Amino acid sequence: MAIVLLPGLLATEAGGQKRFEVDATTIGDALRGLPVSDLVLDERGEVRSLVHVYVDGERAGDLGAAVEPKSRIRIVAAIAGG
Amino acid sequence: MGVLLLIGTRKGLFLIRGDDERRSFELEGPFLPGWQINHATLDPRDGALYACANSWVYGGTVQRSTDLGRTWERSEGLGLPEESGLKLASTWHLEPGHASEPKTLWLGGEPAVLFRSDDSGATWQVNDGVLNHETREKWAPGAGGLITHSITLDPEDAARLWIGISAAGVFRTEDRGESWQPANAGTEACFLPEDPYPEVGQCVHKVLAHPGKPGRLWQQNHCGVYRSDDHGASWERLEGNGLPSGFGFGLALDPSDPDRAFVIPEEGAENRVTCDGRLGIYTTADAGASWELIVAAEPAWVAVLREGMSQDDEAVYVGAQSGHVYALRHGEVVVAAENLPPILSVEAAALQ
């Protein structure tokens, strides 16, 4: 099971849960399985432009890339705003 | 009866409860922290709260609460079809539907899109008539983007409503959104040097239909204040008779008096602050033939955005980008809240 870690605002939208264990073979599978998938992905199923996804510490760009059973997928909001 | 004010801000939603006299106000919130609330409203048909909650990271959403803000549920499946080539950028205005359609809601967003829900916001369907409008290629974004920000209903006919899009103008449907006709005759696009009176392209800032007089609409435009008495088929400009400027955003009506309206003029498009160093609310009691100034704050150089005014039978409410909320009743102004985040929207609802 891969582990997905959410930032605060997404965790609030997910009912207060920050850590999810998901049965996924790709990054896309893992993100689509989240209860906040519509906030991470847009209506085309693409990662929103200011959402950054890291897998085991490396910035990920391909939703089709494989994840290992113990991978840690971290979702990070871009630094912006005021 | 008291009032419940829903105050949308750049940093969450606030609720303000006002007493019968509109002299005492209690603040609650913020709700939905971390979200920019472009607009929030209470559906008088079932008491649910709706918020157009937006994030620069996570996009545009609609949130619904059936317990006055304690818990919220996010609409799912809000997006645009792939064949449109567009993606939903943000949500801007939610309007509860006609009383005869108790579960219908209308939602405006960017880029110039309209949605309808027939299940109290659980799911949404994009309006094809707006999405594929024959004049769409002539629409141009204003400073706030290409946004559907005004949705106003005919008080009698559920099939007739108007939308305002910046900068495309006002559009009317008489078949519940199947088709939309431009309703801009007589309104100026003063920023277009070649043809200032086109069919579409006007920069409407707010349009409201009077809830008690069918056919009467008011409009605050980039280029003037207007009134229509023929369902938007034609518009009469109402300046030169007491208003210091035709430029402004906020607009409020008196539900019990169709001849009374309220606007807050600003210096102009290049200097978007209230005129003459004060927050002046200008009101007409004669359908726009003359205007009277009511000073809400002075000195003041503030701005009130397009959703920043609302009204009920007792008072008019104004939320400024300074974070202050004012209540105007019988010519007297009371500060209802201060030092909130910059205010984007105000809606008044009856406090049960």
# chains A, B, ... in the order shown; residues from 1 in each chain; ligands from 1

$ interface_residues --of "chain A" --to "chain B" --cutoff "7 Å" --atoms "only C-alpha atoms" --output "PDB file with C-alpha atoms, in the first residue's frame"
ATOM      1  CA  LEU A   9      -6.355  22.449   3.508  1.00  0.00           C
ATOM      2  CA  LEU A  39      -9.050  19.294  -5.816  1.00  0.00           C
ATOM      3  CA  VAL A  40      -5.743  17.705  -6.789  1.00  0.00           C
ATOM      4  CA  GLU A  43     -11.684  18.004 -14.916  1.00  0.00           C
ATOM      5  CA  ARG A  44      -9.275  16.418 -17.433  1.00  0.00           C
ATOM      6  CA  ARG A  48      -3.560  21.198 -11.198  1.00  0.00           C
ATOM      7  CA  LEU A  50       0.042  24.709  -8.677  1.00  0.00           C
ATOM      8  CA  VAL A  51      -0.154  21.275  -7.070  1.00  0.00           C
ATOM      9  CA  ALA A  77       0.849  23.365  -2.676  1.00  0.00           C
TER      10      ALA A  77
END

$ select_by_dssp --residues "stretch 149-331 of chain B" --states "strand (DSSP E or B)" --output "PyMOL selection string"
chain B and resi 149-153+161-166+169-173+181-182+204-209+217-221+224-228+236-237+248-254+257-268+271-274+279-284+292-297+307+309-311+316-319+325-329

$ residues_around --residues "B:Gln311" --least-positions-apart "6" --cutoff "10 Å" --atoms "only C-alpha atoms" --output "PyMOL selection string"
chain B and resi 3+5+251-255+262+317-318+327-328+346-349

$ select_by_dssp --residues "stretch 74-235 of chain B" --states "helix (DSSP H, G or I)" --output "VMD selection string"
chain B and resid 82 to 84 128 to 131 136 to 138

$ residues_around --residues "A:Arg19" --least-positions-apart "3" --cutoff "8 Å" --atoms "only C-alpha atoms" --output "list in words"
Ile3, Val4, Leu5 and Leu6 of chain A

$ write_last_selection --atoms "N, CA and C atoms" --output "PDB file, in the first residue's frame"
ATOM      1  N   ILE A   3       1.528   5.272   0.505  1.00  0.00           N
ATOM      2  CA  ILE A   3       1.036   6.231   1.491  1.00  0.00           C
ATOM      3  C   ILE A   3       0.968   7.607   0.836  1.00  0.00           C
ATOM      4  N   VAL A   4      -0.173   8.282   0.986  1.00  0.00           N
ATOM      5  CA  VAL A   4      -0.336   9.633   0.454  1.00  0.00           C
ATOM      6  C   VAL A   4      -0.477  10.594   1.628  1.00  0.00           C
ATOM      7  N   LEU A   5       0.299  11.646   1.613  1.00  0.00           N
ATOM      8  CA  LEU A   5       0.273  12.649   2.682  1.00  0.00           C
ATOM      9  C   LEU A   5      -0.278  13.955   2.123  1.00  0.00           C
ATOM     10  N   LEU A   6      -1.298  14.490   2.789  1.00  0.00           N
ATOM     11  CA  LEU A   6      -1.977  15.698   2.312  1.00  0.00           C
ATOM     12  C   LEU A   6      -1.563  16.921   3.119  1.00  0.00           C
TER      13      LEU A   6
END

$ residues_around --residues "A:Met1" --least-positions-apart "2" --cutoff "9 Å" --atoms "only C-alpha atoms" --output "PyMOL selection string"
chain A and resi 3+21-25+68-71

$ residues_around --residues "B:His205" --least-positions-apart "4" --cutoff "8 Å" --atoms "only C-alpha atoms" --output "ChimeraX atom specification"
/B:149,164-166,219-222,248-250,306

$ write_last_selection --atoms "N, CA and C atoms" --output "tab-separated table (two decimals), in the first residue's frame"
chain	number	residue	atom	x	y	z
B	149	HIS	N	-20.83	36.73	-13.35
B	149	HIS	CA	-20.89	37.18	-11.97
B	149	HIS	C	-22.29	37.57	-11.52
B	164	GLY	N	-25.01	38.39	-16.17
B	164	GLY	CA	-24.05	39.43	-16.53
B	164	GLY	C	-22.67	38.82	-16.59
B	165	ILE	N	-21.98	39.10	-17.69
B	165	ILE	CA	-20.63	38.56	-17.90
B	165	ILE	C	-19.71	39.73	-18.21
B	166	SER	N	-18.59	39.77	-17.52
B	166	SER	CA	-17.56	40.78	-17.82
B	166	SER	C	-16.46	40.14	-18.65
B	219	GLN	N	-28.68	48.26	-13.50
B	219	GLN	CA	-27.35	47.80	-13.89
B	219	GLN	C	-26.29	48.83	-13.51
B	220	GLN	N	-25.27	48.37	-12.80
B	220	GLN	CA	-24.04	49.16	-12.63
B	220	GLN	C	-23.04	48.61	-13.63
B	221	ASN	N	-22.61	49.47	-14.51
B	221	ASN	CA	-21.74	49.08	-15.61
B	221	ASN	C	-20.40	49.79	-15.45
B	222	HIS	N	-19.40	49.28	-16.14
B	222	HIS	CA	-18.11	49.97	-16.25
B	222	HIS	C	-18.32	51.40	-16.77
B	248	GLY	N	-18.50	52.13	-11.11
B	248	GLY	CA	-18.68	51.52	-9.79
B	248	GLY	C	-18.96	50.05	-9.95
B	249	PHE	N	-19.14	49.39	-8.85
B	249	PHE	CA	-19.38	47.94	-8.90
B	249	PHE	C	-20.64	47.54	-8.15
B	250	GLY	N	-20.76	47.97	-6.91
B	250	GLY	CA	-21.86	47.51	-6.08
B	250	GLY	C	-23.20	48.10	-6.50
B	306	ARG	N	-18.19	44.01	-6.75
B	306	ARG	CA	-19.49	43.82	-7.41
B	306	ARG	C	-20.48	43.03	-6.57

$ residues_around --residues "B:Ile343" --least-positions-apart "4" --cutoff "10 Å" --atoms "only C-alpha atoms" --output "PyMOL selection string"
chain B and resi 7-14+36-39+303-305+307-308+318-325+339

$ write_last_selection --atoms "C-alpha atoms" --output "JSON list (two decimals), in the first residue's frame"
[["chain", "number", "residue", "atom", "x", "y", "z"],
["B", 7, "ILE", "CA", -19.66, 37.94, 4.29],
["B", 8, "GLY", "CA", -17.35, 36.37, 1.72],
["B", 9, "THR", "CA", -13.73, 37.44, 2.08],
["B", 10, "ARG", "CA", -10.37, 36.66, 0.60],
["B", 11, "LYS", "CA", -9.74, 34.49, 3.64],
["B", 12, "GLY", "CA", -12.87, 32.65, 4.56],
["B", 13, "LEU", "CA", -16.55, 33.23, 5.24],
["B", 14, "PHE", "CA", -17.99, 35.20, 8.14],
["B", 36, "GLN", "CA", -11.39, 32.72, -1.01],
["B", 37, "ILE", "CA", -15.15, 33.18, -0.91],
["B", 38, "ASN", "CA", -16.18, 35.05, -4.03],
["B", 39, "HIS", "CA", -19.84, 34.81, -3.04],
["B", 303, "ALA", "CA", -13.53, 50.03, -2.85],
["B", 304, "VAL", "CA", -16.70, 47.98, -2.79],
["B", 305, "LEU", "CA", -16.67, 45.07, -5.19],
["B", 307, "GLU", "CA", -20.89, 41.44, -4.79],
["B", 308, "GLY", "CA", -20.22, 43.82, -1.94],
["B", 318, "VAL", "CA", -22.06, 47.23, 2.33],
["B", 319, "GLY", "CA", -18.81, 45.30, 2.67],
["B", 320, "ALA", "CA", -15.63, 47.10, 1.68],
["B", 321, "GLN", "CA", -12.20, 45.89, 0.76],
["B", 322, "SER", "CA", -11.06, 47.61, 3.94],
["B", 323, "GLY", "CA", -12.76, 44.77, 5.83],
["B", 324, "HIS", "CA", -15.54, 46.94, 7.22],
["B", 325, "VAL", "CA", -19.24, 46.11, 7.00],
["B", 339, "ASN", "CA", -11.05, 44.63, 10.29]]

$ decode --residues "stretch 45-72 of chain B" --atoms "N, CA and C atoms" --output "mmCIF file, in the first residue's frame"
data_model
loop_
_atom_site.group_PDB
_atom_site.id
_atom_site.type_symbol
_atom_site.label_atom_id
_atom_site.label_comp_id
_atom_site.auth_asym_id
_atom_site.auth_seq_id
_atom_site.Cartn_x
_atom_site.Cartn_y
_atom_site.Cartn_z
ATOM 1 N N ARG B 45 -35.300 28.805 0.453
ATOM 2 C CA ARG B 45 -36.270 27.719 0.306
ATOM 3 C C ARG B 45 -36.007 26.575 1.275
ATOM 4 N N ASP B 46 -34.740 26.376 1.659
ATOM 5 C CA ASP B 46 -34.451 25.286 2.601
ATOM 6 C C ASP B 46 -33.446 25.658 3.683
ATOM 7 N N GLY B 47 -32.958 26.907 3.672
ATOM 8 C CA GLY B 47 -32.054 27.359 4.730
ATOM 9 C C GLY B 47 -30.605 26.952 4.547
ATOM 10 N N ALA B 48 -30.272 26.293 3.445
ATOM 11 C CA ALA B 48 -28.885 25.879 3.228
ATOM 12 C C ALA B 48 -28.009 27.070 2.867
ATOM 13 N N LEU B 49 -26.760 27.012 3.320
ATOM 14 C CA LEU B 49 -25.767 28.003 2.917
ATOM 15 C C LEU B 49 -24.964 27.441 1.744
ATOM 16 N N TYR B 50 -24.633 28.317 0.818
ATOM 17 C CA TYR B 50 -23.761 27.946 -0.288
ATOM 18 C C TYR B 50 -22.627 28.960 -0.368
ATOM 19 N N ALA B 51 -21.434 28.457 -0.660
ATOM 20 C CA ALA B 51 -20.281 29.341 -0.818
ATOM 21 C C ALA B 51 -19.532 28.985 -2.091
ATOM 22 N N CYS B 52 -19.232 29.998 -2.886
ATOM 23 C CA CYS B 52 -18.328 29.839 -4.024
ATOM 24 C C CYS B 52 -16.920 29.972 -3.461
ATOM 25 N N ALA B 53 -16.340 28.843 -3.085
ATOM 26 C CA ALA B 53 -15.057 28.812 -2.386
ATOM 27 C C ALA B 53 -13.960 28.469 -3.377
ATOM 28 N N ASN B 54 -12.952 29.323 -3.418
ATOM 29 C CA ASN B 54 -11.908 29.180 -4.428
ATOM 30 C C ASN B 54 -10.527 29.149 -3.784
ATOM 31 N N SER B 55 -9.658 28.431 -4.446
ATOM 32 C CA SER B 55 -8.265 28.352 -4.021
ATOM 33 C C SER B 55 -7.387 28.531 -5.239
ATOM 34 N N TRP B 56 -6.313 29.311 -5.103
ATOM 35 C CA TRP B 56 -5.441 29.484 -6.258
ATOM 36 C C TRP B 56 -4.705 28.184 -6.566
ATOM 37 N N VAL B 57 -4.697 27.265 -5.633
ATOM 38 C CA VAL B 57 -4.044 25.979 -5.860
ATOM 39 C C VAL B 57 -5.054 24.911 -6.288
ATOM 40 N N TYR B 58 -6.172 24.842 -5.574
ATOM 41 C CA TYR B 58 -7.090 23.714 -5.744
ATOM 42 C C TYR B 58 -8.328 24.048 -6.574
ATOM 43 N N GLY B 59 -8.400 25.251 -7.126
ATOM 44 C CA GLY B 59 -9.445 25.570 -8.079
ATOM 45 C C GLY B 59 -10.730 26.080 -7.449
ATOM 46 N N GLY B 60 -11.792 26.040 -8.266
ATOM 47 C CA GLY B 60 -13.079 26.594 -7.858
ATOM 48 C C GLY B 60 -14.038 25.509 -7.408
ATOM 49 N N THR B 61 -14.723 25.779 -6.292
ATOM 50 C CA THR B 61 -15.654 24.794 -5.747
ATOM 51 C C THR B 61 -16.948 25.477 -5.325
ATOM 52 N N VAL B 62 -17.935 24.641 -5.048
ATOM 53 C CA VAL B 62 -19.137 25.078 -4.341
ATOM 54 C C VAL B 62 -19.224 24.255 -3.061
ATOM 55 N N GLN B 63 -19.429 24.936 -1.958
ATOM 56 C CA GLN B 63 -19.564 24.262 -0.664
ATOM 57 C C GLN B 63 -20.964 24.517 -0.134
ATOM 58 N N ARG B 64 -21.562 23.499 0.477
ATOM 59 C CA ARG B 64 -22.932 23.592 0.986
ATOM 60 C C ARG B 64 -22.951 23.215 2.466
ATOM 61 N N SER B 65 -23.676 23.980 3.244
ATOM 62 C CA SER B 65 -23.838 23.679 4.673
ATOM 63 C C SER B 65 -25.316 23.701 5.021
ATOM 64 N N THR B 66 -25.759 22.674 5.701
ATOM 65 C CA THR B 66 -27.158 22.633 6.138
ATOM 66 C C THR B 66 -27.279 22.888 7.639
ATOM 67 N N ASP B 67 -26.160 23.265 8.282
ATOM 68 C CA ASP B 67 -26.203 23.539 9.722
ATOM 69 C C ASP B 67 -25.562 24.891 10.040
ATOM 70 N N LEU B 68 -25.838 25.855 9.171
ATOM 71 C CA LEU B 68 -25.384 27.242 9.344
ATOM 72 C C LEU B 68 -23.870 27.339 9.537
ATOM 73 N N GLY B 69 -23.156 26.544 8.773
ATOM 74 C CA GLY B 69 -21.708 26.712 8.703
ATOM 75 C C GLY B 69 -20.891 25.752 9.528
ATOM 76 N N ARG B 70 -21.516 24.948 10.366
ATOM 77 C CA ARG B 70 -20.721 24.053 11.217
ATOM 78 C C ARG B 70 -20.022 22.986 10.374
ATOM 79 N N THR B 71 -20.730 22.422 9.420
ATOM 80 C CA THR B 71 -20.109 21.440 8.535
ATOM 81 C C THR B 71 -20.437 21.805 7.091
ATOM 82 N N TRP B 72 -19.554 21.383 6.186
ATOM 83 C CA TRP B 72 -19.695 21.737 4.774
ATOM 84 C C TRP B 72 -19.486 20.512 3.898
#
